[in-house]
file coords.pdb (PDB, C-alpha atoms)
ATOM      1  CA  LEU N   1       0.000   0.000   0.000
ATOM      2  CA  GLN N   2       2.818   2.391   0.872
ATOM      3  CA  SER N   3       4.557   1.852  -2.459
ATOM      4  CA  THR N   4       1.346   2.377  -4.466
ATOM      5  CA  GLU N   5       0.701   5.615  -2.572
ATOM      6  CA  MET N   6       4.218   6.789  -3.470
ATOM      7  CA  PHE N   7       3.440   5.855  -7.068
ATOM      8  CA  ARG N   8       0.292   7.984  -6.958
ATOM      9  CA  GLU N   9       1.935  10.962  -5.246
ATOM     10  CA  SER N  10       4.779  11.008  -7.782
ATOM     11  CA  ASN N  11       2.276  11.246 -10.655
ATOM     12  CA  GLY N  12       2.887   7.607 -11.619
ATOM     13  CA  PRO N  13      -0.428   6.996 -13.424
ATOM     14  CA  LYS N  14       0.112   9.910 -15.814
ATOM     15  CA  MET N  15       3.701   8.852 -16.574
ATOM     16  CA  VAL N  16       2.651   5.260 -17.287
ATOM     17  CA  MET N  17      -0.228   6.402 -19.509
ATOM     18  CA  ASN N  18       2.103   8.717 -21.451
ATOM     19  CA  ILE N  19       4.453   5.788 -22.105
ATOM     20  CA  LEU N  20       1.568   3.521 -23.150
ATOM     21  CA  ASN N  21       0.019   6.109 -25.464
ATOM     22  CA  ASN N  22       3.351   7.033 -27.083
ATOM     23  CA  ARG N  23       4.635   3.487 -27.588
ATOM     24  CA  LYS N  24       1.476   1.645 -28.650
ATOM     25  CA  GLU N  25       3.313  -0.023 -31.512
ATOM     26  CA  ASN N  26       5.660  -1.849 -29.113
ATOM     27  CA  ILE N  27       3.897  -4.911 -27.700
ATOM     28  CA  SER N  28       6.587  -5.563 -25.085
ATOM     29  CA  ILE N  29       6.337  -2.039 -23.675
ATOM     30  CA  LEU N  30       2.535  -2.206 -23.740
ATOM     31  CA  ASN N  31       2.528  -5.462 -21.808
ATOM     32  CA  SER N  32       5.070  -4.199 -19.271
ATOM     33  CA  GLY N  33       3.209  -0.907 -18.807
ATOM     34  CA  LEU N  34      -0.104  -2.679 -18.305
ATOM     35  CA  SER N  35       1.516  -4.978 -15.740
ATOM     36  CA  VAL N  36       2.357  -1.810 -13.781
ATOM     37  CA  VAL N  37      -1.281  -0.698 -14.084
ATOM     38  CA  SER N  38      -2.437  -4.075 -12.723
ATOM     39  CA  ALA N  39      -0.034  -4.014  -9.805
ATOM     40  CA  ALA N  40      -0.712  -0.384  -8.901
ATOM     41  CA  ALA N  41      -4.517  -0.549  -9.140
ATOM     42  CA  THR N  42      -4.855  -3.808  -7.181
ATOM     43  CA  GLY N  43      -6.491  -2.953  -3.870
ATOM     44  CA  ASN N  44      -6.350   0.791  -4.567
ATOM     45  CA  GLU N  45      -9.567   2.583  -5.520
ATOM     46  CA  VAL N  46      -7.813   5.954  -5.900
ATOM     47  CA  LEU N  47      -5.420   4.592  -8.517
ATOM     48  CA  LYS N  48      -8.258   2.853 -10.374
ATOM     49  CA  GLU N  49      -9.974   6.238 -10.591
ATOM     50  CA  ALA N  50      -6.748   7.952 -11.696
ATOM     51  CA  PHE N  51      -6.248   5.526 -14.584
ATOM     52  CA  MET N  52      -9.910   5.762 -15.618
ATOM     53  CA  ASN N  53      -9.678   9.578 -15.588
ATOM     54  CA  LEU N  54      -6.721   9.236 -17.944
ATOM     55  CA  LYS N  55      -8.958   7.199 -20.307
ATOM     56  CA  ILE N  56      -7.249   3.842 -19.925
ATOM     57  CA  ASP N  57     -10.529   2.241 -21.015
ATOM     58  CA  GLU N  58     -10.100   3.683 -24.514
ATOM     59  CA  LEU N  59      -6.464   2.539 -24.637
ATOM     60  CA  ILE N  60      -7.331  -1.015 -23.600
ATOM     61  CA  LEU N  61     -10.126  -1.243 -26.165
ATOM     62  CA  GLN N  62      -7.895   0.098 -28.932
ATOM     63  CA  CYS N  63      -5.137  -2.406 -28.104
ATOM     64  CA  LEU N  64      -7.583  -5.317 -27.999
ATOM     65  CA  ARG N  65      -8.831  -4.342 -31.449
ATOM     66  CA  GLU N  66      -5.435  -3.767 -33.037
ATOM     67  CA  TYR N  67      -3.221  -6.553 -31.711
ATOM     68  CA  ASN N  68      -3.257 -10.308 -31.650
ATOM     69  CA  ARG N  69      -5.377 -10.911 -28.558
ATOM     70  CA  GLY N  70      -2.983 -13.389 -27.041
ATOM     71  CA  GLY N  71       0.046 -11.135 -27.482
ATOM     72  CA  ILE N  72      -0.585  -8.772 -24.576
ATOM     73  CA  PRO N  73      -1.814 -10.871 -21.628
ATOM     74  CA  TYR N  74      -1.764  -7.942 -19.203
ATOM     75  CA  LEU N  75      -4.478  -6.227 -21.257
ATOM     76  CA  TYR N  76      -6.994  -8.618 -19.731
ATOM     77  CA  ASP N  77      -5.436  -8.509 -16.284
ATOM     78  CA  ALA N  78      -5.477  -4.710 -16.183
ATOM     79  CA  LEU N  79      -9.122  -4.728 -17.242
ATOM     80  CA  ARG N  80     -10.002  -7.256 -14.537
ATOM     81  CA  VAL N  81      -8.167  -5.320 -11.817
ATOM     82  CA  LEU N  82      -9.770  -1.999 -12.785
ATOM     83  CA  LEU N  83     -13.210  -3.609 -12.459
ATOM     84  CA  THR N  84     -12.588  -5.457  -9.174
ATOM     85  CA  SER N  85     -13.837  -3.927  -5.939
ATOM     86  CA  ASP N  86     -10.907  -4.853  -3.684
ATOM     87  CA  ASP N  87     -10.050  -1.744  -1.637
ATOM     88  CA  ASN N  88     -11.207  -2.388   1.920
ATOM     89  CA  ARG N  89     -10.814   1.281   2.787
ATOM     90  CA  VAL N  90     -13.672   2.257   0.484
ATOM     91  CA  VAL N  91     -17.344   1.764   1.409
ATOM     92  CA  ALA N  92     -18.803   2.290  -2.083
ATOM     93  CA  SER N  93     -16.567   1.352  -5.004
ATOM     94  CA  GLU N  94     -16.864   3.007  -8.422
ATOM     95  CA  VAL N  95     -15.922  -0.137 -10.339
ATOM     96  CA  TYR N  96     -19.502  -0.866 -11.420
ATOM     97  CA  GLY N  97     -19.640   2.506 -13.114
ATOM     98  CA  TYR N  98     -16.309   1.757 -14.794
ATOM     99  CA  ALA N  99     -17.717  -1.539 -16.092
ATOM    100  CA  ARG N 100     -20.656   0.301 -17.630
ATOM    101  CA  ARG N 101     -18.224   2.749 -19.209
ATOM    102  CA  PHE N 102     -16.195  -0.084 -20.745
ATOM    103  CA  ALA N 103     -19.412  -1.647 -22.045
ATOM    104  CA  LYS N 104     -20.584   1.642 -23.539
ATOM    105  CA  ILE N 105     -17.462   2.048 -25.694
ATOM    106  CA  GLY N 106     -17.695  -1.518 -27.091
ATOM    107  CA  ILE N 107     -15.599  -3.838 -24.922
ATOM    108  CA  VAL N 108     -18.287  -6.559 -24.906
ATOM    109  CA  GLU N 109     -18.095  -7.128 -28.650
ATOM    110  CA  VAL N 110     -14.304  -7.379 -28.574
ATOM    111  CA  LEU N 111     -14.160  -9.785 -25.620
ATOM    112  CA  VAL N 112     -16.887 -12.006 -27.073
ATOM    113  CA  GLY N 113     -14.782 -12.094 -30.236
ATOM    114  CA  SER N 114     -12.085 -13.893 -28.226
ATOM    115  CA  LEU N 115     -14.650 -16.480 -27.120
ATOM    116  CA  HIS N 116     -15.660 -17.117 -30.727
ATOM    117  CA  GLU N 117     -12.079 -18.149 -31.475
ATOM    118  CA  GLY N 118     -12.785 -21.215 -29.358
ATOM    119  CA  ILE N 119     -10.888 -23.471 -27.037
ATOM    120  CA  LYS N 120      -7.552 -23.095 -28.850
ATOM    121  CA  SER N 121      -7.480 -19.320 -28.356
ATOM    122  CA  PRO N 122      -4.577 -18.379 -26.017
ATOM    123  CA  SER N 123      -6.709 -15.581 -24.577
ATOM    124  CA  LEU N 124      -9.907 -17.559 -23.963
ATOM    125  CA  VAL N 125      -9.518 -17.920 -20.183
ATOM    126  CA  SER N 126      -8.302 -14.335 -19.682
ATOM    127  CA  ALA N 127     -11.067 -12.915 -21.884
ATOM    128  CA  SER N 128     -13.708 -14.950 -20.022
ATOM    129  CA  ILE N 129     -12.491 -13.655 -16.651
ATOM    130  CA  ALA N 130     -12.450 -10.075 -17.974
ATOM    131  CA  LEU N 131     -15.912 -10.419 -19.487
ATOM    132  CA  LYS N 132     -17.269 -11.685 -16.175
ATOM    133  CA  ALA N 133     -15.926  -8.518 -14.538
ATOM    134  CA  VAL N 134     -17.613  -6.349 -17.183
ATOM    135  CA  ALA N 135     -21.023  -8.090 -16.912
ATOM    136  CA  VAL N 136     -22.334  -6.130 -13.926
ATOM    137  CA  ASN N 137     -25.974  -5.647 -14.938
ATOM    138  CA  ASP N 138     -28.794  -7.203 -16.928
ATOM    139  CA  GLU N 139     -28.237  -4.970 -19.958
ATOM    140  CA  ILE N 140     -24.572  -5.939 -20.299
ATOM    141  CA  CYS N 141     -25.337  -9.629 -19.730
ATOM    142  CA  ARG N 142     -27.878  -9.490 -22.545
ATOM    143  CA  ALA N 143     -25.417  -7.643 -24.782
ATOM    144  CA  VAL N 144     -23.022 -10.590 -24.387
ATOM    145  CA  ALA N 145     -25.799 -12.912 -25.559
ATOM    146  CA  ASP N 146     -26.757 -10.586 -28.434
ATOM    147  CA  ASN N 147     -23.181 -10.837 -29.714
ATOM    148  CA  GLY N 148     -23.299 -14.636 -29.700
ATOM    149  CA  GLY N 149     -21.555 -15.003 -26.346
ATOM    150  CA  ILE N 150     -23.778 -17.746 -24.957
ATOM    151  CA  ASP N 151     -23.377 -19.872 -28.093
ATOM    152  CA  ALA N 152     -19.600 -19.419 -27.913
ATOM    153  CA  ILE N 153     -19.399 -20.283 -24.194
ATOM    154  CA  LEU N 154     -21.533 -23.408 -24.578
ATOM    155  CA  ARG N 155     -19.370 -24.507 -27.488
ATOM    156  CA  CYS N 156     -16.236 -24.004 -25.370
ATOM    157  CA  ILE N 157     -17.785 -25.972 -22.494
ATOM    158  CA  ASP N 158     -18.602 -28.797 -24.891
ATOM    159  CA  ASP N 159     -15.107 -28.786 -26.386
ATOM    160  CA  SER N 160     -13.404 -28.565 -22.979
ATOM    161  CA  SER N 161     -15.430 -31.561 -21.854
ATOM    162  CA  GLU N 162     -14.294 -33.601 -24.842
ATOM    163  CA  GLN N 163     -10.646 -32.518 -24.598
ATOM    164  CA  GLY N 164     -10.308 -32.563 -20.808
ATOM    165  CA  GLU N 165      -9.536 -28.844 -20.544
ATOM    166  CA  LYS N 166     -10.456 -28.361 -16.897
ATOM    167  CA  VAL N 167      -9.353 -24.720 -16.492
ATOM    168  CA  VAL N 168     -11.294 -23.644 -19.581
ATOM    169  CA  ALA N 169     -14.370 -25.544 -18.413
ATOM    170  CA  ARG N 170     -14.307 -24.008 -14.930
ATOM    171  CA  THR N 171     -13.773 -20.474 -16.252
ATOM    172  CA  CYS N 172     -16.537 -20.761 -18.845
ATOM    173  CA  CYS N 173     -18.978 -22.165 -16.272
ATOM    174  CA  SER N 174     -18.197 -19.268 -13.962
ATOM    175  CA  LEU N 175     -18.848 -16.742 -16.742
ATOM    176  CA  LEU N 176     -22.029 -18.521 -17.817
ATOM    177  CA  SER N 177     -23.289 -18.442 -14.238
ATOM    178  CA  LYS N 178     -22.809 -14.659 -14.162
ATOM    179  CA  LEU N 179     -24.641 -14.200 -17.477
ATOM    180  CA  ALA N 180     -27.515 -16.371 -16.220
ATOM    181  CA  GLY N 181     -28.326 -13.597 -13.776
ATOM    182  CA  SER N 182     -30.460 -12.306 -16.651
ATOM    183  CA  ASP N 183     -33.699 -14.301 -16.892
ATOM    184  CA  ILE N 184     -33.671 -13.962 -20.682
ATOM    185  CA  ASN N 185     -30.169 -15.441 -20.818
ATOM    186  CA  LYS N 186     -31.174 -18.186 -18.399
ATOM    187  CA  SER N 187     -33.916 -19.341 -20.758
ATOM    188  CA  SER N 188     -31.589 -19.078 -23.735
ATOM    189  CA  ILE N 189     -28.909 -21.230 -22.072
ATOM    190  CA  VAL N 190     -31.425 -23.993 -21.384
ATOM    191  CA  GLU N 191     -32.998 -23.768 -24.850
ATOM    192  CA  LYS N 192     -29.559 -24.145 -26.429
ATOM    193  CA  GLY N 193     -28.974 -27.430 -24.596
ATOM    194  CA  GLY N 194     -27.077 -25.986 -21.653
ATOM    195  CA  MET N 195     -28.359 -28.554 -19.133
ATOM    196  CA  ASP N 196     -27.184 -31.489 -21.258
ATOM    197  CA  LYS N 197     -23.765 -29.892 -21.761
ATOM    198  CA  LEU N 198     -23.367 -29.301 -18.017
ATOM    199  CA  ILE N 199     -24.267 -32.896 -17.145
ATOM    200  CA  LYS N 200     -21.840 -34.102 -19.809
ATOM    201  CA  LEU N 201     -19.169 -31.910 -18.207
ATOM    202  CA  ALA N 202     -19.921 -33.310 -14.739
ATOM    203  CA  THR N 203     -19.614 -36.848 -16.116
ATOM    204  CA  ARG N 204     -16.303 -36.035 -17.784
ATOM    205  CA  PHE N 205     -14.824 -34.561 -14.585
ATOM    206  CA  SER N 206     -16.640 -36.783 -12.087
ATOM    207  CA  ASP N 207     -13.372 -37.311 -10.182
ATOM    208  CA  ASP N 208     -12.923 -33.593  -9.422
ATOM    209  CA  PRO N 209     -15.096 -32.160  -6.609
ATOM    210  CA  SER N 210     -14.241 -28.552  -7.490
ATOM    211  CA  MET N 211     -15.416 -29.074 -11.065
ATOM    212  CA  LEU N 212     -18.588 -30.802  -9.876
ATOM    213  CA  GLN N 213     -19.209 -27.892  -7.528
ATOM    214  CA  GLU N 214     -18.984 -25.480 -10.476
ATOM    215  CA  VAL N 215     -21.580 -27.508 -12.376
ATOM    216  CA  MET N 216     -23.905 -27.727  -9.344
ATOM    217  CA  SER N 217     -23.669 -23.968  -8.855
ATOM    218  CA  MET N 218     -24.496 -23.384 -12.513
ATOM    219  CA  ILE N 219     -27.565 -25.637 -12.407
ATOM    220  CA  THR N 220     -28.630 -23.930  -9.158
ATOM    221  CA  VAL N 221     -28.641 -20.565 -10.942
ATOM    222  CA  LEU N 222     -30.490 -21.917 -13.996
ATOM    223  CA  SER N 223     -33.160 -23.563 -11.808
ATOM    224  CA  LEU N 224     -33.767 -20.577  -9.533
ATOM    225  CA  ARG N 225     -37.458 -19.580  -9.640
ATOM    226  CA  SER N 226     -37.875 -21.663 -12.812
ATOM    227  CA  PRO N 227     -39.865 -24.922 -12.501
ATOM    228  CA  ASN N 228     -39.451 -25.588 -16.217
ATOM    229  CA  ASN N 229     -35.674 -25.377 -15.996
ATOM    230  CA  ALA N 230     -35.695 -27.540 -12.858
ATOM    231  CA  ALA N 231     -37.654 -30.177 -14.765
ATOM    232  CA  ARG N 232     -35.198 -29.963 -17.686
ATOM    233  CA  ALA N 233     -32.287 -30.378 -15.281
ATOM    234  CA  VAL N 234     -33.643 -33.629 -13.827
ATOM    235  CA  GLU N 235     -34.514 -34.884 -17.317
ATOM    236  CA  ALA N 236     -30.891 -34.219 -18.319
ATOM    237  CA  GLY N 237     -29.630 -36.283 -15.375
ATOM    238  CA  ALA N 238     -29.013 -33.730 -12.610
ATOM    239  CA  GLY N 239     -30.645 -35.992 -10.013
ATOM    240  CA  ASP N 240     -28.335 -38.914 -10.741
ATOM    241  CA  THR N 241     -25.328 -36.580 -10.916
ATOM    242  CA  VAL N 242     -25.970 -35.013  -7.506
ATOM    243  CA  ILE N 243     -26.500 -38.403  -5.849
ATOM    244  CA  GLN N 244     -23.280 -39.789  -7.334
ATOM    245  CA  ALA N 245     -21.344 -36.680  -6.280
ATOM    246  CA  MET N 246     -22.592 -36.858  -2.687
ATOM    247  CA  GLN N 247     -21.798 -40.567  -2.510
ATOM    248  CA  ARG N 248     -18.330 -40.178  -3.971
ATOM    249  CA  PHE N 249     -17.172 -37.124  -1.976
ATOM    250  CA  PRO N 250     -18.717 -37.329   1.507
ATOM    251  CA  GLU N 251     -15.854 -35.263   2.980
ATOM    252  CA  SER N 252     -16.048 -32.350   0.504
ATOM    253  CA  ASP N 253     -18.163 -29.935   2.526
ATOM    254  CA  GLN N 254     -18.245 -27.183  -0.114
ATOM    255  CA  LEU N 255     -19.416 -29.584  -2.812
ATOM    256  CA  LEU N 256     -22.058 -31.046  -0.477
ATOM    257  CA  LYS N 257     -23.280 -27.554   0.358
ATOM    258  CA  SER N 258     -23.588 -26.740  -3.370
ATOM    259  CA  CYS N 259     -25.458 -30.015  -3.863
ATOM    260  CA  CYS N 260     -27.964 -29.028  -1.168
ATOM    261  CA  PHE N 261     -28.511 -25.625  -2.767
ATOM    262  CA  MET N 262     -29.117 -27.266  -6.132
ATOM    263  CA  ILE N 263     -31.513 -29.844  -4.661
ATOM    264  CA  ARG N 264     -33.574 -27.022  -3.142
ATOM    265  CA  ASN N 265     -34.024 -25.310  -6.501
ATOM    266  CA  LEU N 266     -34.808 -28.585  -8.246
ATOM    267  CA  VAL N 267     -37.622 -29.520  -5.858
ATOM    268  CA  VAL N 268     -39.097 -26.387  -4.263
ATOM    269  CA  ARG N 269     -41.620 -25.865  -7.094
ATOM    270  CA  ASN N 270     -41.482 -29.341  -8.637
ATOM    271  CA  PRO N 271     -43.284 -32.077  -6.647
ATOM    272  CA  GLU N 272     -42.426 -34.625  -9.333
ATOM    273  CA  ASN N 273     -38.704 -33.952  -8.805
ATOM    274  CA  ARG N 274     -39.156 -34.504  -5.060
ATOM    275  CA  THR N 275     -40.614 -37.934  -5.733
ATOM    276  CA  ILE N 276     -37.749 -38.882  -8.069
ATOM    277  CA  LEU N 277     -34.979 -37.739  -5.728
ATOM    278  CA  LEU N 278     -36.525 -39.210  -2.575
ATOM    279  CA  GLY N 279     -37.070 -42.477  -4.409
ATOM    280  CA  ASN N 280     -33.360 -42.566  -5.258
ATOM    281  CA  GLY N 281     -32.242 -42.124  -1.650
ATOM    282  CA  ILE N 282     -31.342 -38.429  -1.515
ATOM    283  CA  GLU N 283     -32.645 -37.953   2.053
ATOM    284  CA  LYS N 284     -30.025 -40.227   3.593
ATOM    285  CA  LEU N 285     -27.199 -38.414   1.782
ATOM    286  CA  ILE N 286     -28.424 -34.962   2.849
ATOM    287  CA  ARG N 287     -28.796 -36.056   6.478
ATOM    288  CA  LYS N 288     -25.279 -37.491   6.421
ATOM    289  CA  ALA N 289     -23.884 -34.204   5.085
ATOM    290  CA  LYS N 290     -25.837 -32.291   7.740
ATOM    291  CA  MET N 291     -24.519 -34.508  10.523
ATOM    292  CA  ASN N 292     -20.883 -34.555   9.397
ATOM    293  CA  HIS N 293     -20.355 -30.935   8.294
ATOM    294  CA  LYS N 294     -21.321 -27.904  10.321
ATOM    295  CA  SER N 295     -20.998 -25.698   7.222
ATOM    296  CA  CYS N 296     -23.708 -27.774   5.483
ATOM    297  CA  LYS N 297     -26.230 -27.687   8.319
ATOM    298  CA  ASN N 298     -28.409 -24.776   7.138
ATOM    299  CA  ALA N 299     -28.332 -25.719   3.447
ATOM    300  CA  ALA N 300     -29.110 -29.358   4.269
ATOM    301  CA  THR N 301     -31.988 -28.396   6.577
ATOM    302  CA  ASP N 302     -33.492 -26.189   3.867
ATOM    303  CA  ALA N 303     -33.133 -28.963   1.288
ATOM    304  CA  LEU N 304     -34.891 -31.459   3.548
ATOM    305  CA  ARG N 305     -37.688 -28.953   4.166
ATOM    306  CA  ASP N 306     -38.168 -28.246   0.439
ATOM    307  CA  LEU N 307     -38.267 -31.990  -0.204
ATOM    308  CA  GLY N 308     -41.434 -31.927   1.908
ATOM    309  CA  LEU N 309     -40.060 -33.814   4.910
ATOM    310  CA  ASP N 310     -41.738 -32.962   8.219
ATOM    311  CA  ASN N 311     -38.735 -33.806  10.379
ATOM    312  CA  TYR N 312     -36.317 -31.606   8.429
ATOM    313  CA  ASN N 313     -34.929 -30.022  11.620
ATOM    314  CA  LEU N 314     -33.738 -33.323  13.091
TER     315      LEU N 314
END
call {"tool": "encode", "arguments": {"input": "coords.pdb", "output": "structure tokens"}}
result
Amino acid sequence: LQSTEMFRESNGPKMVMNILNNRKENISILNSGLSVVSAAATGNEVLKEAFMNLKIDELILQCLREYNRGGIPYLYDALRVLLTSDDNRVVASEVYGYARRFAKIGIVEVLVGSLHEGIKSPSLVSASIALKAVAVNDEICRAVADNGGIDAILRCIDDSSEQGEKVVARTCCSLLSKLAGSDINKSSIVEKGGMDKLIKLATRFSDDPSMLQEVMSMITVLSLRSPNNAARAVEAGAGDTVIQAMQRFPESDQLLKSCCFMIRNLVVRNPENRTILLGNGIEKLIRKAKMNHKSCKNAATDALRDLGLDNYNL
């Protein structure tokens, strides 16, 4: 913190921006300069504001458009840092306004372009993380979809499942979960076969609790307040997947907690799903998770209640 304050007081942001603007043709200098931006703005709201006042958003967009997207990795990192609320000294961060500003000048179209390049793109993971940071409201989430973002993400999830690309799969699921905050996008994801792709992914990485947790979280979001999507999830195999996950990883408290959240959304408005899951022995698995893991207690109790069990508090 002390060094970043010295950087600010010595007019560091303006000097760095002058270098970046005057040497835009030199990829090495651009990358090095943007690494300074990332380091300086991390955890420092004042420096984020200083760089935004110096129009770093326009510089980042211009560089993304002009250069090979994989050639300047710190482009994406600088964008992510500028849009991350990580300064504990500040009560109300301005990063959401910065995200809207980036969206307004056209960053969504450029980042989605990286997703369209597919699983072999060197910038796919970085662009997905950056796009997640930009997608702060319903309008921006829908703009991602309007530019073909959902199609591209689902294709990447499918390809990562087939090729065993775990990092790509996890990153794309995380981005998709953010975009599903828009009800319109949620419906679109399901209509485009999203449930089937997620279950396929869970099957492919059935030995990895962190990957299974990502899938459970995604299905939880898609099923929230949507009986039709909950029905589609169980039809796709979500019930079998959650039972197998809970049986295989009884010590993974975070996965079990995610399973309980997903079960709630699958059954709270779908009596037929309750019957299916109870018939397959889900109650015993939830009670075991509740008994063995303090962190699962509330989620497990709620799941038992939404399954229609009278003794859910026991």
call {"tool": "closest_residue", "arguments": {"input": "coords.pdb", "among": "N:Lys297, N:Arg8, N:Arg142, N:Arg287", "to": "Leu309 of chain N", "atoms": "all atoms listed in the file"}}
result
N:Arg287
call {"tool": "resolve_selection", "arguments": {"input": "coords.pdb", "expression": "the PyMOL selection byres ((chain N and resi 154) around 12)", "output": "ChimeraX atom specification"}}
result
/N:115-116,118-119,145,148-153,155-161,168-169,171-177,188-198,200-201
call {"tool": "write_last_selection", "arguments": {"input": "coords.pdb", "atoms": "C-alpha atoms", "output": "CSV table (one decimal), keeping the file's coordinate frame"}}
result
chain,number,residue,atom,x,y,z
N,115,LEU,CA,-14.6,-16.5,-27.1
N,116,HIS,CA,-15.7,-17.1,-30.7
N,118,GLY,CA,-12.8,-21.2,-29.4
N,119,ILE,CA,-10.9,-23.5,-27.0
N,145,ALA,CA,-25.8,-12.9,-25.6
N,148,GLY,CA,-23.3,-14.6,-29.7
N,149,GLY,CA,-21.6,-15.0,-26.3
N,150,ILE,CA,-23.8,-17.7,-25.0
N,151,ASP,CA,-23.4,-19.9,-28.1
N,152,ALA,CA,-19.6,-19.4,-27.9
N,153,ILE,CA,-19.4,-20.3,-24.2
N,155,ARG,CA,-19.4,-24.5,-27.5
N,156,CYS,CA,-16.2,-24.0,-25.4
N,157,ILE,CA,-17.8,-26.0,-22.5
N,158,ASP,CA,-18.6,-28.8,-24.9
N,159,ASP,CA,-15.1,-28.8,-26.4
N,160,SER,CA,-13.4,-28.6,-23.0
N,161,SER,CA,-15.4,-31.6,-21.9
N,168,VAL,CA,-11.3,-23.6,-19.6
N,169,ALA,CA,-14.4,-25.5,-18.4
N,171,THR,CA,-13.8,-20.5,-16.3
N,172,CYS,CA,-16.5,-20.8,-18.8
N,173,CYS,CA,-19.0,-22.2,-16.3
N,174,SER,CA,-18.2,-19.3,-14.0
N,175,LEU,CA,-18.8,-16.7,-16.7
N,176,LEU,CA,-22.0,-18.5,-17.8
N,177,SER,CA,-23.3,-18.4,-14.2
N,188,SER,CA,-31.6,-19.1,-23.7
N,189,ILE,CA,-28.9,-21.2,-22.1
N,190,VAL,CA,-31.4,-24.0,-21.4
N,191,GLU,CA,-33.0,-23.8,-24.8
N,192,LYS,CA,-29.6,-24.1,-26.4
N,193,GLY,CA,-29.0,-27.4,-24.6
N,194,GLY,CA,-27.1,-26.0,-21.7
N,195,MET,CA,-28.4,-28.6,-19.1
N,196,ASP,CA,-27.2,-31.5,-21.3
N,197,LYS,CA,-23.8,-29.9,-21.8
N,198,LEU,CA,-23.4,-29.3,-18.0
N,200,LYS,CA,-21.8,-34.1,-19.8
N,201,LEU,CA,-19.2,-31.9,-18.2
call {"tool": "residues_around", "arguments": {"input": "coords.pdb", "residues": "Thr42 of chain N", "least_positions_apart": "6", "cutoff": "8 Å", "atoms": "all atoms listed in the file", "output": "VMD selection string"}}
result
chain N and resid 81 to 82 86 to 87
call {"tool": "residues_around", "arguments": {"input": "coords.pdb", "residues": "Arg100 of chain N", "least_positions_apart": "3", "cutoff": "8 Å", "atoms": "all atoms listed in the file", "output": "number ranges by chain"}}
result
N: 96-97, 103-104, 134, 136, 140
call {"tool": "residues_around", "arguments": {"input": "coords.pdb", "residues": "Gln213 of chain N", "least_positions_apart": "5", "cutoff": "10 Å", "atoms": "only C-alpha atoms", "output": "list in words"}}
result
Arg170, Ala202, Asp208, Met218, Ile219, Val242, Ala245, Ser252, Gln254, Leu255, Leu256, Lys257, Ser258 and Cys259 of chain N
call {"tool": "residues_near_point", "arguments": {"input": "coords.pdb", "point": "(-36.1, -27.4, -13.2)", "cutoff": "9 Å", "atoms": "all atoms listed in the file", "output": "short mmCIF file (atom, residue, chain, number, x, y, z; two decimals) with C-alpha atoms, keeping the file's coordinate frame"}}
result
data_model
loop_
_atom_site.label_atom_id
_atom_site.label_comp_id
_atom_site.auth_asym_id
_atom_site.auth_seq_id
_atom_site.Cartn_x
_atom_site.Cartn_y
_atom_site.Cartn_z
CA ILE N 219 -27.56 -25.64 -12.41
CA LEU N 222 -30.49 -21.92 -14.00
CA SER N 223 -33.16 -23.56 -11.81
CA LEU N 224 -33.77 -20.58 -9.53
CA ARG N 225 -37.46 -19.58 -9.64
CA SER N 226 -37.88 -21.66 -12.81
CA PRO N 227 -39.86 -24.92 -12.50
CA ASN N 228 -39.45 -25.59 -16.22
CA ASN N 229 -35.67 -25.38 -16.00
CA ALA N 230 -35.70 -27.54 -12.86
CA ALA N 231 -37.65 -30.18 -14.76
CA ARG N 232 -35.20 -29.96 -17.69
CA ALA N 233 -32.29 -30.38 -15.28
CA VAL N 234 -33.64 -33.63 -13.83
CA GLU N 235 -34.51 -34.88 -17.32
CA ASN N 265 -34.02 -25.31 -6.50
CA LEU N 266 -34.81 -28.58 -8.25
CA VAL N 267 -37.62 -29.52 -5.86
CA ARG N 269 -41.62 -25.86 -7.09
CA ASN N 270 -41.48 -29.34 -8.64
CA ASN N 273 -38.70 -33.95 -8.80
#
call {"tool": "atom_distance", "arguments": {"input": "coords.pdb", "atom1": "atom CA of Leu212 of chain N", "atom2": "atom CA of Asp310 of chain N"}}
result
29.5 Å
call {"tool": "atom_distance", "arguments": {"input": "coords.pdb", "atom1": "atom CA of Phe102 of chain N", "atom2": "atom CA of Gly71 of chain N"}}
result
20.8 Å
call {"tool": "atom_distance", "arguments": {"input": "coords.pdb", "atom1": "atom CA of Glu45 of chain N", "atom2": "atom CA of Ile107 of chain N"}}
result
21.3 Å
call {"tool": "resolve_selection", "arguments": {"input": "coords.pdb", "expression": "the PyMOL selection byres ((chain N and resi 47) around 9)", "output": "list in words"}}
result
Thr4, Glu5, Arg8, Pro13, Val37, Ala40, Ala41, Thr42, Gly43, Asn44, Glu45, Val46, Lys48, Glu49, Ala50, Phe51, Met52 and Leu82 of chain N
call {"tool": "residues_near_point", "arguments": {"input": "coords.pdb", "point": "(-7.2, -15.4, -27.6)", "cutoff": "12 Å", "atoms": "all atoms listed in the file", "output": "MDAnalysis selection string"}}
result
chainID N and resid 64:65 67:73 75:76 110:128
call {"tool": "closest_residue", "arguments": {"input": "coords.pdb", "among": "N:Phe7, N:Tyr98, N:Phe249, N:Tyr312", "to": "Ile56 of chain N", "atoms": "only C-alpha atoms"}}
result
N:Tyr98
call {"tool": "closest_residue", "arguments": {"input": "coords.pdb", "among": "N:Ser85, N:Thr301, N:Asn280, N:Asn137", "to": "Asp183 of chain N", "atoms": "only C-alpha atoms"}}
result
N:Asn137
call {"tool": "axis_aligned_box", "arguments": {"input": "coords.pdb", "around": "segment 76-88 of chain N", "padding_each_side": "4 Å", "output": "AutoDock Vina command-line options"}}
result
--center_x -9.6 --center_y -5.2 --center_z -8.9 --size_x 16.4 --size_y 14.9 --size_z 29.7
call {"tool": "closest_residue", "arguments": {"input": "coords.pdb", "among": "N:Leu30, N:Cys63, N:Ala135, N:Ile129", "to": "Ala99 of chain N", "atoms": "all atoms listed in the file"}}
result
N:Ala135
